[in-house]
file work.txt (compact mmCIF, C-alpha atoms and all ligand atoms)
# COMPACT_ATOMS: atom_id res chain seq x y z
CA MET A 1325 190.02 -31.42 134.14
CA PRO A 1326 191.18 -27.96 135.25
CA ILE A 1327 188.39 -25.51 136.09
CA SER A 1328 188.88 -22.04 134.63
CA GLY A 1329 187.58 -20.02 137.60
CA PRO A 1330 185.49 -19.97 140.78
CA VAL A 1331 182.22 -21.91 140.74
CA LEU A 1332 178.85 -20.43 141.69
CA GLY A 1333 176.51 -22.77 143.60
CA LEU A 1334 172.74 -22.16 143.80
CA GLU A 1335 170.28 -23.92 146.13
CA ALA A 1336 166.49 -23.46 146.06
CA SER A 1337 165.08 -26.97 146.49
CA CYS A 1338 163.21 -26.48 149.76
CA ASP A 1339 162.88 -23.49 152.10
CA GLU A 1340 166.42 -22.10 152.07
CA THR A 1341 167.54 -19.79 149.26
CA ALA A 1342 171.32 -19.99 149.06
CA ALA A 1343 174.24 -18.95 146.88
CA ALA A 1344 177.97 -19.56 147.32
CA ILE A 1345 181.19 -19.10 145.40
CA LEU A 1346 184.07 -21.53 145.80
CA ALA A 1347 187.54 -21.37 144.31
CA PRO A 1348 188.40 -24.39 142.12
CA ASP A 1349 190.33 -25.90 145.08
CA GLY A 1350 187.19 -25.73 147.27
CA THR A 1351 188.08 -22.62 149.26
CA VAL A 1352 184.85 -20.82 150.17
CA LEU A 1353 185.10 -17.27 148.79
CA ALA A 1354 181.56 -16.19 149.75
CA GLU A 1355 178.35 -17.81 150.97
CA ALA A 1356 174.85 -16.60 151.80
CA VAL A 1357 171.69 -18.32 153.00
CA ARG A 1358 168.27 -16.78 153.36
CA SER A 1359 165.89 -18.91 155.41
CA GLN A 1360 162.16 -18.72 154.68
CA LEU A 1361 161.23 -19.51 158.26
CA ALA A 1362 159.24 -16.28 158.59
CA GLU A 1363 157.18 -16.99 155.44
CA HIS A 1364 156.25 -20.53 156.45
CA THR A 1365 155.91 -20.33 160.25
CA PRO A 1366 152.28 -19.09 160.14
CA PHE A 1367 151.41 -22.33 158.31
CA GLY A 1368 153.39 -24.68 160.55
CA GLY A 1369 155.36 -26.12 157.65
CA VAL A 1370 156.76 -25.37 154.19
CA VAL A 1371 154.16 -24.18 151.65
CA PRO A 1372 155.58 -25.05 148.19
CA GLU A 1373 154.04 -22.14 146.26
CA ILE A 1374 155.19 -19.59 148.83
CA ALA A 1375 158.66 -21.16 148.76
CA ALA A 1376 158.95 -20.90 144.98
CA ARG A 1377 157.91 -17.26 144.96
CA ALA A 1378 160.33 -16.41 147.78
CA HIS A 1379 163.21 -18.10 145.92
CA LEU A 1380 162.37 -16.05 142.83
CA ALA A 1381 162.26 -12.86 144.89
CA HIS A 1382 165.58 -13.41 146.68
CA LEU A 1383 167.93 -15.49 144.52
CA PRO A 1384 169.10 -12.62 142.23
CA ALA A 1385 170.10 -10.37 145.16
CA LEU A 1386 171.81 -13.24 147.00
CA THR A 1387 173.80 -14.06 143.87
CA GLU A 1388 174.88 -10.44 143.43
CA LYS A 1389 175.87 -10.36 147.09
CA VAL A 1390 178.17 -13.41 146.92
CA LEU A 1391 179.71 -12.23 143.63
CA ALA A 1392 180.50 -8.86 145.21
CA GLU A 1393 181.85 -10.44 148.40
CA ALA A 1394 184.04 -12.84 146.46
CA GLY A 1395 185.20 -10.01 144.17
CA VAL A 1396 184.32 -12.12 141.14
CA ARG A 1397 182.57 -10.92 138.00
CA PRO A 1398 180.16 -13.37 136.34
CA HIS A 1399 182.29 -13.88 133.21
CA GLU A 1400 185.26 -14.83 135.42
CA LEU A 1401 183.37 -17.85 136.81
CA GLY A 1402 184.43 -21.34 135.81
CA GLY A 1403 180.96 -22.85 136.04
CA ILE A 1404 177.47 -22.72 137.52
CA ALA A 1405 176.12 -25.52 139.72
CA ALA A 1406 172.42 -25.43 140.60
CA THR A 1407 170.36 -27.91 142.62
CA SER A 1408 168.13 -29.65 140.07
CA GLY A 1409 166.48 -32.21 142.34
CA PRO A 1410 165.17 -33.81 144.44
CA GLY A 1411 162.94 -31.21 146.05
CA LEU A 1412 159.94 -28.96 145.54
CA ILE A 1413 159.48 -28.51 141.81
CA GLY A 1414 158.72 -24.76 141.92
CA GLY A 1415 161.96 -23.89 143.70
CA LEU A 1416 163.98 -26.33 141.58
CA ILE A 1417 162.72 -24.62 138.42
CA VAL A 1418 163.60 -21.19 139.83
CA GLY A 1419 167.14 -22.17 140.86
CA ALA A 1420 168.00 -24.30 137.84
CA THR A 1421 166.58 -21.82 135.31
CA PHE A 1422 168.36 -18.92 136.97
CA GLY A 1423 171.61 -20.90 136.81
CA LYS A 1424 171.12 -21.87 133.18
CA GLY A 1425 170.39 -18.24 132.29
CA MET A 1426 173.73 -17.18 133.78
CA ALA A 1427 175.49 -20.08 132.06
CA ILE A 1428 174.08 -19.01 128.67
CA ALA A 1429 174.79 -15.32 129.22
CA HIS A 1430 178.43 -15.89 130.16
CA GLY A 1431 179.23 -19.03 128.16
CA LEU A 1432 179.84 -21.20 131.25
CA PRO A 1433 179.45 -24.92 131.85
CA PHE A 1434 176.30 -25.84 133.81
CA VAL A 1435 176.08 -28.63 136.38
CA ALA A 1436 172.63 -29.93 137.41
CA VAL A 1437 173.45 -30.98 140.97
CA ASN A 1438 171.55 -33.65 142.86
CA HIS A 1439 170.89 -32.11 146.30
CA LEU A 1440 171.62 -35.41 148.05
CA GLU A 1441 174.96 -35.68 146.26
CA GLY A 1442 175.69 -32.22 147.66
CA HIS A 1443 175.11 -33.51 151.20
CA ALA A 1444 177.05 -36.71 150.40
CA LEU A 1445 180.19 -34.94 149.16
CA THR A 1446 180.36 -32.19 151.83
CA ALA A 1447 182.75 -34.31 153.90
CA ARG A 1448 185.28 -34.00 151.05
CA LEU A 1449 185.40 -30.20 151.23
CA PRO A 1450 188.94 -29.18 152.07
CA GLY A 1451 189.34 -28.05 155.67
CA LEU A 1452 186.84 -30.45 157.30
CA VAL A 1453 188.93 -33.61 157.29
CA GLU A 1454 192.65 -33.64 156.51
CA GLY A 1455 192.78 -34.12 152.74
CA GLY A 1456 188.96 -34.59 152.55
CA ALA A 1457 187.07 -37.78 153.48
CA LYS A 1458 188.26 -40.77 151.44
CA PHE A 1459 185.87 -43.12 149.64
CA PRO A 1460 184.16 -45.26 150.77
CA TYR A 1461 182.39 -43.75 153.76
CA LEU A 1462 179.00 -44.07 155.40
CA LEU A 1463 176.66 -41.10 155.06
CA LEU A 1464 173.74 -40.72 157.45
CA LEU A 1465 171.38 -38.21 155.92
CA LEU A 1466 169.12 -37.03 158.73
CA SER A 1467 166.89 -34.15 157.73
CA GLY A 1468 163.24 -33.12 157.65
CA GLY A 1469 162.73 -34.62 154.21
CA HIS A 1470 165.32 -37.40 154.06
CA CYS A 1471 166.38 -40.24 156.29
CA GLN A 1472 168.85 -42.62 154.68
CA CYS A 1473 172.03 -44.61 155.20
CA VAL A 1474 174.16 -44.31 152.07
CA ALA A 1475 177.44 -45.97 151.15
CA VAL A 1476 179.40 -43.23 149.37
CA GLU A 1477 181.73 -45.29 147.19
CA GLY A 1478 182.91 -42.70 144.69
CA LEU A 1479 181.77 -39.63 142.76
CA GLY A 1480 178.33 -40.56 141.41
CA GLN A 1481 178.55 -43.95 143.12
CA TYR A 1482 176.04 -44.19 145.92
CA ARG A 1483 174.45 -47.30 147.36
CA ARG A 1484 171.39 -46.76 149.52
CA LEU A 1485 171.72 -49.20 152.39
CA GLY A 1486 168.50 -48.27 154.15
CA SER A 1487 165.90 -45.54 154.47
CA THR A 1488 162.76 -44.69 156.36
CA LEU A 1489 159.60 -46.70 155.82
CA ASP A 1490 157.43 -43.75 156.87
CA ASP A 1491 158.50 -40.41 158.39
CA ALA A 1492 161.95 -38.86 158.08
CA VAL A 1493 163.67 -38.39 161.43
CA GLY A 1494 163.40 -34.57 161.31
CA GLU A 1495 159.72 -34.96 160.46
CA ALA A 1496 159.34 -37.18 163.55
CA PHE A 1497 160.95 -34.44 165.68
CA ASP A 1498 158.67 -31.82 164.09
CA LYS A 1499 155.45 -33.82 164.44
CA SER A 1500 156.16 -34.91 168.02
CA ALA A 1501 157.10 -31.35 168.95
CA LYS A 1502 153.86 -30.10 167.43
CA LEU A 1503 151.87 -32.65 169.45
CA MET A 1504 153.63 -31.30 172.54
CA GLY A 1505 152.66 -27.73 171.66
CA LEU A 1506 156.17 -26.62 170.68
CA PRO A 1507 156.78 -24.14 167.82
CA TRP A 1508 157.86 -25.21 164.30
CA PRO A 1509 160.50 -26.33 163.39
CA GLY A 1510 160.22 -28.67 166.33
CA GLY A 1511 163.67 -30.25 166.46
CA PRO A 1512 165.59 -27.43 168.16
CA ALA A 1513 162.65 -26.63 170.50
CA LEU A 1514 162.31 -30.27 171.53
CA GLU A 1515 166.06 -30.59 172.15
CA LYS A 1516 165.94 -27.55 174.44
CA LEU A 1517 162.99 -28.91 176.41
CA ALA A 1518 164.66 -32.33 176.70
CA GLN A 1519 167.67 -30.81 178.51
CA THR A 1520 165.87 -30.81 181.86
CA GLY A 1521 163.99 -34.08 181.31
CA ASP A 1522 164.44 -37.63 182.55
CA PRO A 1523 164.75 -39.89 179.47
CA LYS A 1524 163.77 -43.03 181.44
CA ARG A 1525 160.51 -41.75 182.93
CA PHE A 1526 158.23 -42.62 179.98
CA PRO A 1527 159.22 -45.86 178.25
CA LEU A 1528 158.61 -45.36 174.51
CA PRO A 1529 158.87 -48.03 171.78
CA ARG A 1530 162.18 -48.25 169.93
CA PRO A 1531 161.11 -48.86 166.33
CA MET A 1532 163.40 -51.19 164.31
CA LEU A 1533 165.91 -51.58 167.15
CA GLY A 1534 167.69 -54.92 166.86
CA ARG A 1535 166.24 -55.72 163.42
CA ALA A 1536 168.46 -56.69 160.50
CA GLY A 1537 169.39 -54.01 157.97
CA CYS A 1538 169.32 -50.26 158.47
CA ASP A 1539 165.83 -49.09 157.58
CA PHE A 1540 164.06 -46.66 159.89
CA SER A 1541 160.49 -46.20 161.05
CA PHE A 1542 159.23 -43.34 163.18
CA SER A 1543 155.45 -43.23 162.84
CA GLY A 1544 154.86 -45.64 165.75
CA LEU A 1545 157.04 -43.52 167.99
CA LYS A 1546 154.99 -40.46 167.08
CA THR A 1547 151.81 -42.36 167.96
CA ALA A 1548 153.31 -43.35 171.33
CA VAL A 1549 154.10 -39.69 171.99
CA ALA A 1550 150.51 -38.76 171.13
CA GLN A 1551 149.20 -41.42 173.53
CA THR A 1552 151.45 -40.17 176.36
CA ILE A 1553 150.43 -36.53 176.05
CA PRO A 1554 147.15 -36.86 178.03
CA LYS A 1555 149.26 -38.03 181.00
CA LEU A 1556 151.29 -34.82 181.06
CA GLN A 1557 150.45 -32.34 183.80
CA THR A 1558 153.53 -30.34 184.70
CA GLU A 1559 156.32 -28.70 182.73
CA GLN A 1560 158.61 -31.39 184.13
CA ASP A 1561 156.34 -34.07 182.60
CA ARG A 1562 156.69 -32.41 179.20
CA ALA A 1563 160.47 -32.23 179.58
CA ASP A 1564 160.54 -35.92 180.53
CA LEU A 1565 158.58 -36.88 177.41
CA ALA A 1566 160.83 -34.74 175.19
CA ALA A 1567 163.90 -36.38 176.75
CA ALA A 1568 162.42 -39.86 176.29
CA PHE A 1569 161.67 -39.18 172.63
CA GLN A 1570 165.14 -37.84 171.94
CA TYR A 1571 166.76 -40.73 173.83
CA VAL A 1572 164.89 -43.32 171.77
CA VAL A 1573 165.66 -41.59 168.47
CA ALA A 1574 169.37 -41.40 169.33
CA ALA A 1575 169.39 -45.09 170.32
CA VAL A 1576 167.60 -46.19 167.15
CA LEU A 1577 169.86 -44.10 164.90
CA ALA A 1578 172.93 -45.62 166.57
CA ASP A 1579 171.58 -49.15 166.10
CA ARG A 1580 170.84 -48.50 162.40
CA ALA A 1581 174.24 -46.87 161.86
CA LYS A 1582 175.98 -49.89 163.41
CA ASN A 1583 174.24 -52.22 160.93
CA ALA A 1584 174.95 -49.88 158.03
CA LEU A 1585 178.68 -49.97 158.79
CA ALA A 1586 178.55 -53.77 158.80
CA MET A 1587 177.01 -53.64 155.30
CA MET A 1588 180.07 -51.80 153.92
CA ASP A 1589 183.50 -52.89 152.84
CA GLY A 1590 186.22 -50.94 154.67
CA PRO A 1591 184.48 -47.63 155.41
CA THR A 1592 186.93 -44.82 156.29
CA ALA A 1593 184.47 -42.67 158.27
CA MET A 1594 180.91 -42.09 159.41
CA VAL A 1595 179.55 -38.80 158.10
CA VAL A 1596 176.36 -37.05 159.25
CA ALA A 1597 174.36 -34.44 157.37
CA GLY A 1598 170.92 -32.83 157.63
CA GLY A 1599 169.34 -30.63 160.28
CA VAL A 1600 169.00 -33.45 162.83
CA ALA A 1601 172.81 -33.75 162.85
CA ALA A 1602 172.66 -30.56 164.94
CA ASN A 1603 171.17 -32.54 167.83
CA LYS A 1604 173.79 -33.12 170.53
CA ALA A 1605 172.31 -36.38 171.86
CA VAL A 1606 172.18 -37.77 168.31
CA ARG A 1607 175.77 -36.73 167.63
CA ALA A 1608 177.02 -38.25 170.88
CA SER A 1609 175.24 -41.52 170.22
CA LEU A 1610 176.61 -41.76 166.65
CA ALA A 1611 180.11 -40.76 167.76
CA ASP A 1612 179.99 -43.68 170.16
CA VAL A 1613 179.15 -46.19 167.40
CA ALA A 1614 181.83 -44.77 165.11
CA ALA A 1615 184.43 -44.96 167.89
CA LYS A 1616 183.53 -48.61 168.57
CA HIS A 1617 184.38 -49.30 164.92
CA GLY A 1618 187.59 -47.27 165.18
CA LEU A 1619 186.22 -44.67 162.77
CA PRO A 1620 185.99 -40.90 163.00
CA LEU A 1621 182.54 -39.27 163.08
CA VAL A 1622 182.66 -36.44 160.57
CA ALA A 1623 180.03 -33.92 161.61
CA PRO A 1624 180.44 -30.79 159.47
CA PRO A 1625 179.61 -27.45 161.11
CA ILE A 1626 175.84 -26.96 161.33
CA ARG A 1627 175.73 -24.44 158.48
CA LEU A 1628 177.12 -27.14 156.18
CA CYS A 1629 174.83 -29.88 157.60
CA THR A 1630 171.64 -27.99 156.84
CA ASP A 1631 170.71 -26.84 153.34
CA ASN A 1632 173.31 -24.54 151.84
CA ALA A 1633 174.91 -23.63 148.51
CA VAL A 1634 178.52 -24.38 149.50
CA MET A 1635 177.80 -28.09 149.12
CA ILE A 1636 176.16 -27.50 145.74
CA ALA A 1637 179.14 -25.53 144.42
CA TRP A 1638 181.47 -28.23 145.79
CA ALA A 1639 179.53 -31.06 144.11
CA GLY A 1640 179.74 -28.96 140.92
CA ILE A 1641 183.51 -28.69 141.32
CA GLU A 1642 183.90 -32.44 141.84
CA ARG A 1643 181.89 -33.05 138.66
CA LEU A 1644 183.63 -30.38 136.57
CA ARG A 1645 187.00 -31.77 137.68
CA ALA A 1646 185.88 -35.15 136.38
CA GLY A 1647 184.98 -33.53 133.05
CA LEU A 1648 181.24 -33.72 133.70
CA SER A 1649 178.62 -31.06 132.99
CA ASP A 1650 174.98 -31.08 131.93
CA PRO A 1651 173.06 -29.88 128.88
CA LEU A 1652 170.99 -26.74 129.24
CA ASP A 1653 167.79 -28.68 128.57
CA HIS A 1654 168.31 -30.79 131.71
CA ALA A 1655 164.88 -30.93 133.37
CA PRO A 1656 164.66 -30.48 137.18
CA ARG A 1657 163.53 -33.65 138.94
CA PRO A 1658 161.37 -33.51 142.09
CA ARG A 1659 162.27 -37.17 142.67
CA TRP A 1660 165.85 -38.12 141.91
CA PRO A 1661 167.27 -41.04 143.92
CA LEU A 1662 171.02 -40.99 144.52
CA ALA A 1663 171.28 -44.51 143.17
CA GLU A 1664 170.39 -43.20 139.69
CA LEU A 1665 173.51 -41.03 139.50
CA SER A 1666 176.69 -41.94 137.68
CA ALA A 1667 179.97 -40.25 136.89
O1 LIG B 1 168.43 -30.35 156.69
P1 LIG B 1 167.35 -29.44 157.16
O2 LIG B 1 167.70 -28.05 157.56
O3 LIG B 1 166.24 -29.28 156.06
C1 LIG B 1 165.67 -30.31 155.36
O4 LIG B 1 164.78 -30.99 155.92
O5 LIG B 1 166.08 -30.50 154.19
O6 LIG B 1 166.63 -30.20 158.35
C2 LIG B 1 165.55 -29.64 159.04
C3 LIG B 1 165.09 -30.65 160.07
C4 LIG B 1 163.80 -30.24 160.76
O7 LIG B 1 162.96 -31.36 160.81
C5 LIG B 1 164.29 -29.82 162.14
O8 LIG B 1 163.31 -30.00 163.15
C6 LIG B 1 165.47 -30.74 162.35
O9 LIG B 1 166.10 -30.80 161.08
N1 LIG B 1 166.39 -30.20 163.35
C7 LIG B 1 166.64 -30.81 164.54
C8 LIG B 1 167.53 -29.95 165.24
N2 LIG B 1 167.79 -28.87 164.45
C9 LIG B 1 167.08 -29.05 163.29
N3 LIG B 1 166.20 -31.95 165.05
C10 LIG B 1 166.63 -32.29 166.29
N4 LIG B 1 167.47 -31.52 167.02
C11 LIG B 1 167.94 -30.36 166.56
N5 LIG B 1 168.75 -29.60 167.29
ZN ZN B 2 169.05 -31.09 152.44
call {"tool": "encode", "arguments": {"input": "work.txt", "output": "structure tokens"}}
result
Amino acid sequence: MPISGPVLGLEASCDETAAAILAPDGTVLAEAVRSQLAEHTPFGGVVPEIAARAHLAHLPALTEKVLAEAGVRPHELGGIAATSGPGLIGGLIVGATFGKGMAIAHGLPFVAVNHLEGHALTARLPGLVEGGAKFPYLLLLLSGGHCQCVAVEGLGQYRRLGSTLDDAVGEAFDKSAKLMGLPWPGGPALEKLAQTGDPKRFPLPRPMLGRAGCDFSFSGLKTAVAQTIPKLQTEQDRADLAAAFQYVVAAVLADRAKNALAMMDGPTAMVVAGGVAANKAVRASLADVAAKHGLPLVAPPIRLCTDNAVMIAWAGIERLRAGLSDPLDHAPRPRWPLAELSA
């Protein structure tokens, strides 16, 4: 179905407040993200109540900013797409209610976007892959809260092939980094430290490597890191442990991705999303697996891998194009598995 104007995307499911406006063809007209790193750093992790209040404080101004930048007035929009789950309930309520309010005020269709569908469909944004990634493709969602292999078979058609049995991969980076005395969020700090380390110095376990399927497990690895820490004396020792951890994670992810591809029928690409997709060792290791299968590795620019509103607006556009929108009494869902979606 044709969309009557640009679509506003709103994201407030975790610790990024974001707004974006996309033309109906997917061209990004304006985008803004406000990270809550400063609010949560003193606590060493995301505090849900603080997150919800910060979303409430900043979402209106961010929305005004992207509208002004895009040169679009609210009544000229063709729809509002707001993350409505999964995520922290306080932020979801803020974002979804704000979006519904605008939809009512301006008589616009409202799309309650599943955040994971946003990540899943990013590879289809025009400009990333010629003509957008074609279904089906493998999505590796590697963030602080999610760790899954998903077969993206169509709009609203997602098959979870495997997921973590304990910690998400980003969580494993964060917890191991914390054990090593690095600042939160640990992933980028650990990657930096690993640059000068020897990945073979400390042999760490490789959880799930060689097992059937594509589930993940990282809690044993974290324990092994904790047990190695008393042995560390020099800065070089710390770098070696960071390198060993990163090496093992990259190897395990590659092994799981290989099995996930084998569980699919004719995948066209391997797509990565989530903050951990920023890690160069992880990217290289996944690119290697994809190449062995003759597939491209689609790694969107970091700003589109981490939480953002461009992907939410784009998921809204895909749904509006298919004639789909949601009622204004749609309730935000803190848990909302991809497999429950349809189109
Ligand atoms: O997708 P994201 O921004 O937020 C959600 O979790 O939804 O991912 C954040 C996670 C954190 O755990 C962070 O430590 C990790 O991604 N991360 C990294 C890197 N950059 C971010 N992990 C490893 N290497 C990195 N360069
Ligand atoms: Zn996310």
call {"tool": "closest_atom_pairs", "arguments": {"input": "work.txt", "of": "region 1482-1579 of chain A", "to": "region 1600-1623 of chain A", "cutoff": "6 Å", "atoms": "all atoms listed in the file", "output": "tab-separated table"}}
result
residue	atom	partner	partner_atom	distance
A:Gly1494	CA	A:Val1600	CA	5.9
A:Ala1574	CA	A:Val1606	CA	4.7
A:Ala1578	CA	A:Leu1610	CA	5.3
call {"tool": "residues_near_ligand", "arguments": {"input": "work.txt", "ligand": "ligand LIG 1 (chain B)", "cutoff": "8 Å", "atoms": "all atoms listed in the file", "output": "number ranges by chain"}}
result
A: 1338-1339, 1466-1470, 1493-1498, 1508-1516, 1597-1604, 1606, 1629-1631
call {"tool": "residues_around", "arguments": {"input": "work.txt", "residues": "region 1555-1562 of chain A", "least_positions_apart": "2", "cutoff": "8 Å", "atoms": "all atoms listed in the file", "output": "PyMOL selection string"}}
result
chain A and resi 1504+1517+1520-1521+1552-1553+1564-1566
call {"tool": "residues_around", "arguments": {"input": "work.txt", "residues": "region 1419-1422 of chain A", "least_positions_apart": "6", "cutoff": "12 Å", "atoms": "only C-alpha atoms", "output": "PyMOL selection string"}}
result
chain A and resi 1332-1338+1340-1343+1375-1387+1404-1413+1428-1429+1434-1439+1633+1636+1650-1657
call {"tool": "residues_around", "arguments": {"input": "work.txt", "residues": "Gly1402 (chain A)", "least_positions_apart": "4", "cutoff": "8 Å", "atoms": "all atoms listed in the file", "output": "VMD selection string"}}
result
chain A and resid 1327 to 1331 1432 to 1433
call {"tool": "closest_residue", "arguments": {"input": "work.txt", "among": "A:Leu1648, A:Glu1373, A:Gly1456, A:Lys1582", "to": "Gly1415 (chain A)", "atoms": "all atoms listed in the file"}}
result
A:Glu1373
call {"tool": "closest_residue", "arguments": {"input": "work.txt", "among": "A:Gly1442, A:Gly1544, A:Pro1460, A:Pro1450", "to": "ligand ZN 2 (chain B)", "atoms": "all atoms listed in the file"}}
result
A:Gly1442
call {"tool": "atom_distance", "arguments": {"input": "work.txt", "atom1": "CA of Val1352 (chain A)", "atom2": "CA of Ile1417 (chain A)"}}
result
25.3 Å
call {"tool": "atom_distance", "arguments": {"input": "work.txt", "atom1": "CA of Val1634 (chain A)", "atom2": "CA of Ser1359 (chain A)"}}
result
15.0 Å
call {"tool": "closest_atom_pairs", "arguments": {"input": "work.txt", "of": "region 1528-1637 of chain A", "to": "region 1471-1489 of chain A", "cutoff": "12 Å", "atoms": "only C-alpha atoms", "output": "JSON lines"}}
result
{"residue": "A:Pro1531", "atom": "CA", "partner": "A:Leu1489", "partner_atom": "CA", "distance": 10.8}
{"residue": "A:Met1532", "atom": "CA", "partner": "A:Thr1488", "partner_atom": "CA", "distance": 10.3}
{"residue": "A:Ala1536", "atom": "CA", "partner": "A:Gly1486", "partner_atom": "CA", "distance": 10.5}
{"residue": "A:Gly1537", "atom": "CA", "partner": "A:Gly1486", "partner_atom": "CA", "distance": 7.0}
{"residue": "A:Cys1538", "atom": "CA", "partner": "A:Gly1486", "partner_atom": "CA", "distance": 4.8}
{"residue": "A:Asp1539", "atom": "CA", "partner": "A:Gly1486", "partner_atom": "CA", "distance": 4.4}
{"residue": "A:Phe1540", "atom": "CA", "partner": "A:Thr1488", "partner_atom": "CA", "distance": 4.2}
{"residue": "A:Ser1541", "atom": "CA", "partner": "A:Leu1489", "partner_atom": "CA", "distance": 5.3}
{"residue": "A:Phe1542", "atom": "CA", "partner": "A:Thr1488", "partner_atom": "CA", "distance": 7.8}
{"residue": "A:Ser1543", "atom": "CA", "partner": "A:Leu1489", "partner_atom": "CA", "distance": 8.9}
{"residue": "A:Gly1544", "atom": "CA", "partner": "A:Leu1489", "partner_atom": "CA", "distance": 11.1}
{"residue": "A:Val1576", "atom": "CA", "partner": "A:Thr1488", "partner_atom": "CA", "distance": 11.9}
{"residue": "A:Leu1577", "atom": "CA", "partner": "A:Cys1473", "partner_atom": "CA", "distance": 10.0}
{"residue": "A:Ala1578", "atom": "CA", "partner": "A:Cys1473", "partner_atom": "CA", "distance": 11.5}
{"residue": "A:Asp1579", "atom": "CA", "partner": "A:Cys1473", "partner_atom": "CA", "distance": 11.8}
{"residue": "A:Arg1580", "atom": "CA", "partner": "A:Cys1473", "partner_atom": "CA", "distance": 8.3}
{"residue": "A:Ala1581", "atom": "CA", "partner": "A:Cys1473", "partner_atom": "CA", "distance": 7.4}
{"residue": "A:Lys1582", "atom": "CA", "partner": "A:Cys1473", "partner_atom": "CA", "distance": 10.5}
{"residue": "A:Asn1583", "atom": "CA", "partner": "A:Leu1485", "partner_atom": "CA", "distance": 9.4}
{"residue": "A:Ala1584", "atom": "CA", "partner": "A:Leu1485", "partner_atom": "CA", "distance": 6.5}
{"residue": "A:Leu1585", "atom": "CA", "partner": "A:Ala1475", "partner_atom": "CA", "distance": 8.7}
{"residue": "A:Ala1586", "atom": "CA", "partner": "A:Leu1485", "partner_atom": "CA", "distance": 10.4}
{"residue": "A:Met1587", "atom": "CA", "partner": "A:Leu1485", "partner_atom": "CA", "distance": 7.5}
{"residue": "A:Met1588", "atom": "CA", "partner": "A:Ala1475", "partner_atom": "CA", "distance": 7.0}
{"residue": "A:Asp1589", "atom": "CA", "partner": "A:Ala1475", "partner_atom": "CA", "distance": 9.4}
{"residue": "A:Gly1590", "atom": "CA", "partner": "A:Glu1477", "partner_atom": "CA", "distance": 10.4}
{"residue": "A:Pro1591", "atom": "CA", "partner": "A:Ala1475", "partner_atom": "CA", "distance": 8.4}
{"residue": "A:Thr1592", "atom": "CA", "partner": "A:Val1476", "partner_atom": "CA", "distance": 10.3}
{"residue": "A:Ala1593", "atom": "CA", "partner": "A:Val1476", "partner_atom": "CA", "distance": 10.3}
{"residue": "A:Met1594", "atom": "CA", "partner": "A:Ala1475", "partner_atom": "CA", "distance": 9.8}
{"residue": "A:Val1595", "atom": "CA", "partner": "A:Val1474", "partner_atom": "CA", "distance": 9.8}
{"residue": "A:Val1596", "atom": "CA", "partner": "A:Cys1473", "partner_atom": "CA", "distance": 9.6}
{"residue": "A:Ala1597", "atom": "CA", "partner": "A:Cys1471", "partner_atom": "CA", "distance": 9.9}
{"residue": "A:Gly1598", "atom": "CA", "partner": "A:Cys1471", "partner_atom": "CA", "distance": 8.8}
{"residue": "A:Gly1599", "atom": "CA", "partner": "A:Cys1471", "partner_atom": "CA", "distance": 10.8}
{"residue": "A:Val1600", "atom": "CA", "partner": "A:Cys1471", "partner_atom": "CA", "distance": 9.8}
{"residue": "A:Ala1601", "atom": "CA", "partner": "A:Cys1471", "partner_atom": "CA", "distance": 11.2}
call {"tool": "atom_distance", "arguments": {"input": "work.txt", "atom1": "CA of Ala1394 (chain A)", "atom2": "CA of Ala1457 (chain A)"}}
result
26.1 Å
call {"tool": "residues_around", "arguments": {"input": "work.txt", "residues": "Leu1353 (chain A)", "least_positions_apart": "6", "cutoff": "8 Å", "atoms": "all atoms listed in the file", "output": "PyMOL selection string"}}
result
chain A and resi 1344-1347+1393-1394
call {"tool": "closest_residue", "arguments": {"input": "work.txt", "among": "A:Pro1348, A:Ala1550, A:Ala1444, A:Phe1569", "to": "ligand ZN 2 (chain B)", "atoms": "all atoms listed in the file"}}
result
A:Ala1444
call {"tool": "closest_residue", "arguments": {"input": "work.txt", "among": "A:Val1396, A:Ala1575, A:Leu1503, A:Leu1440", "to": "ligand ZN 2 (chain B)", "atoms": "only C-alpha atoms and all ligand atoms"}}
result
A:Leu1440
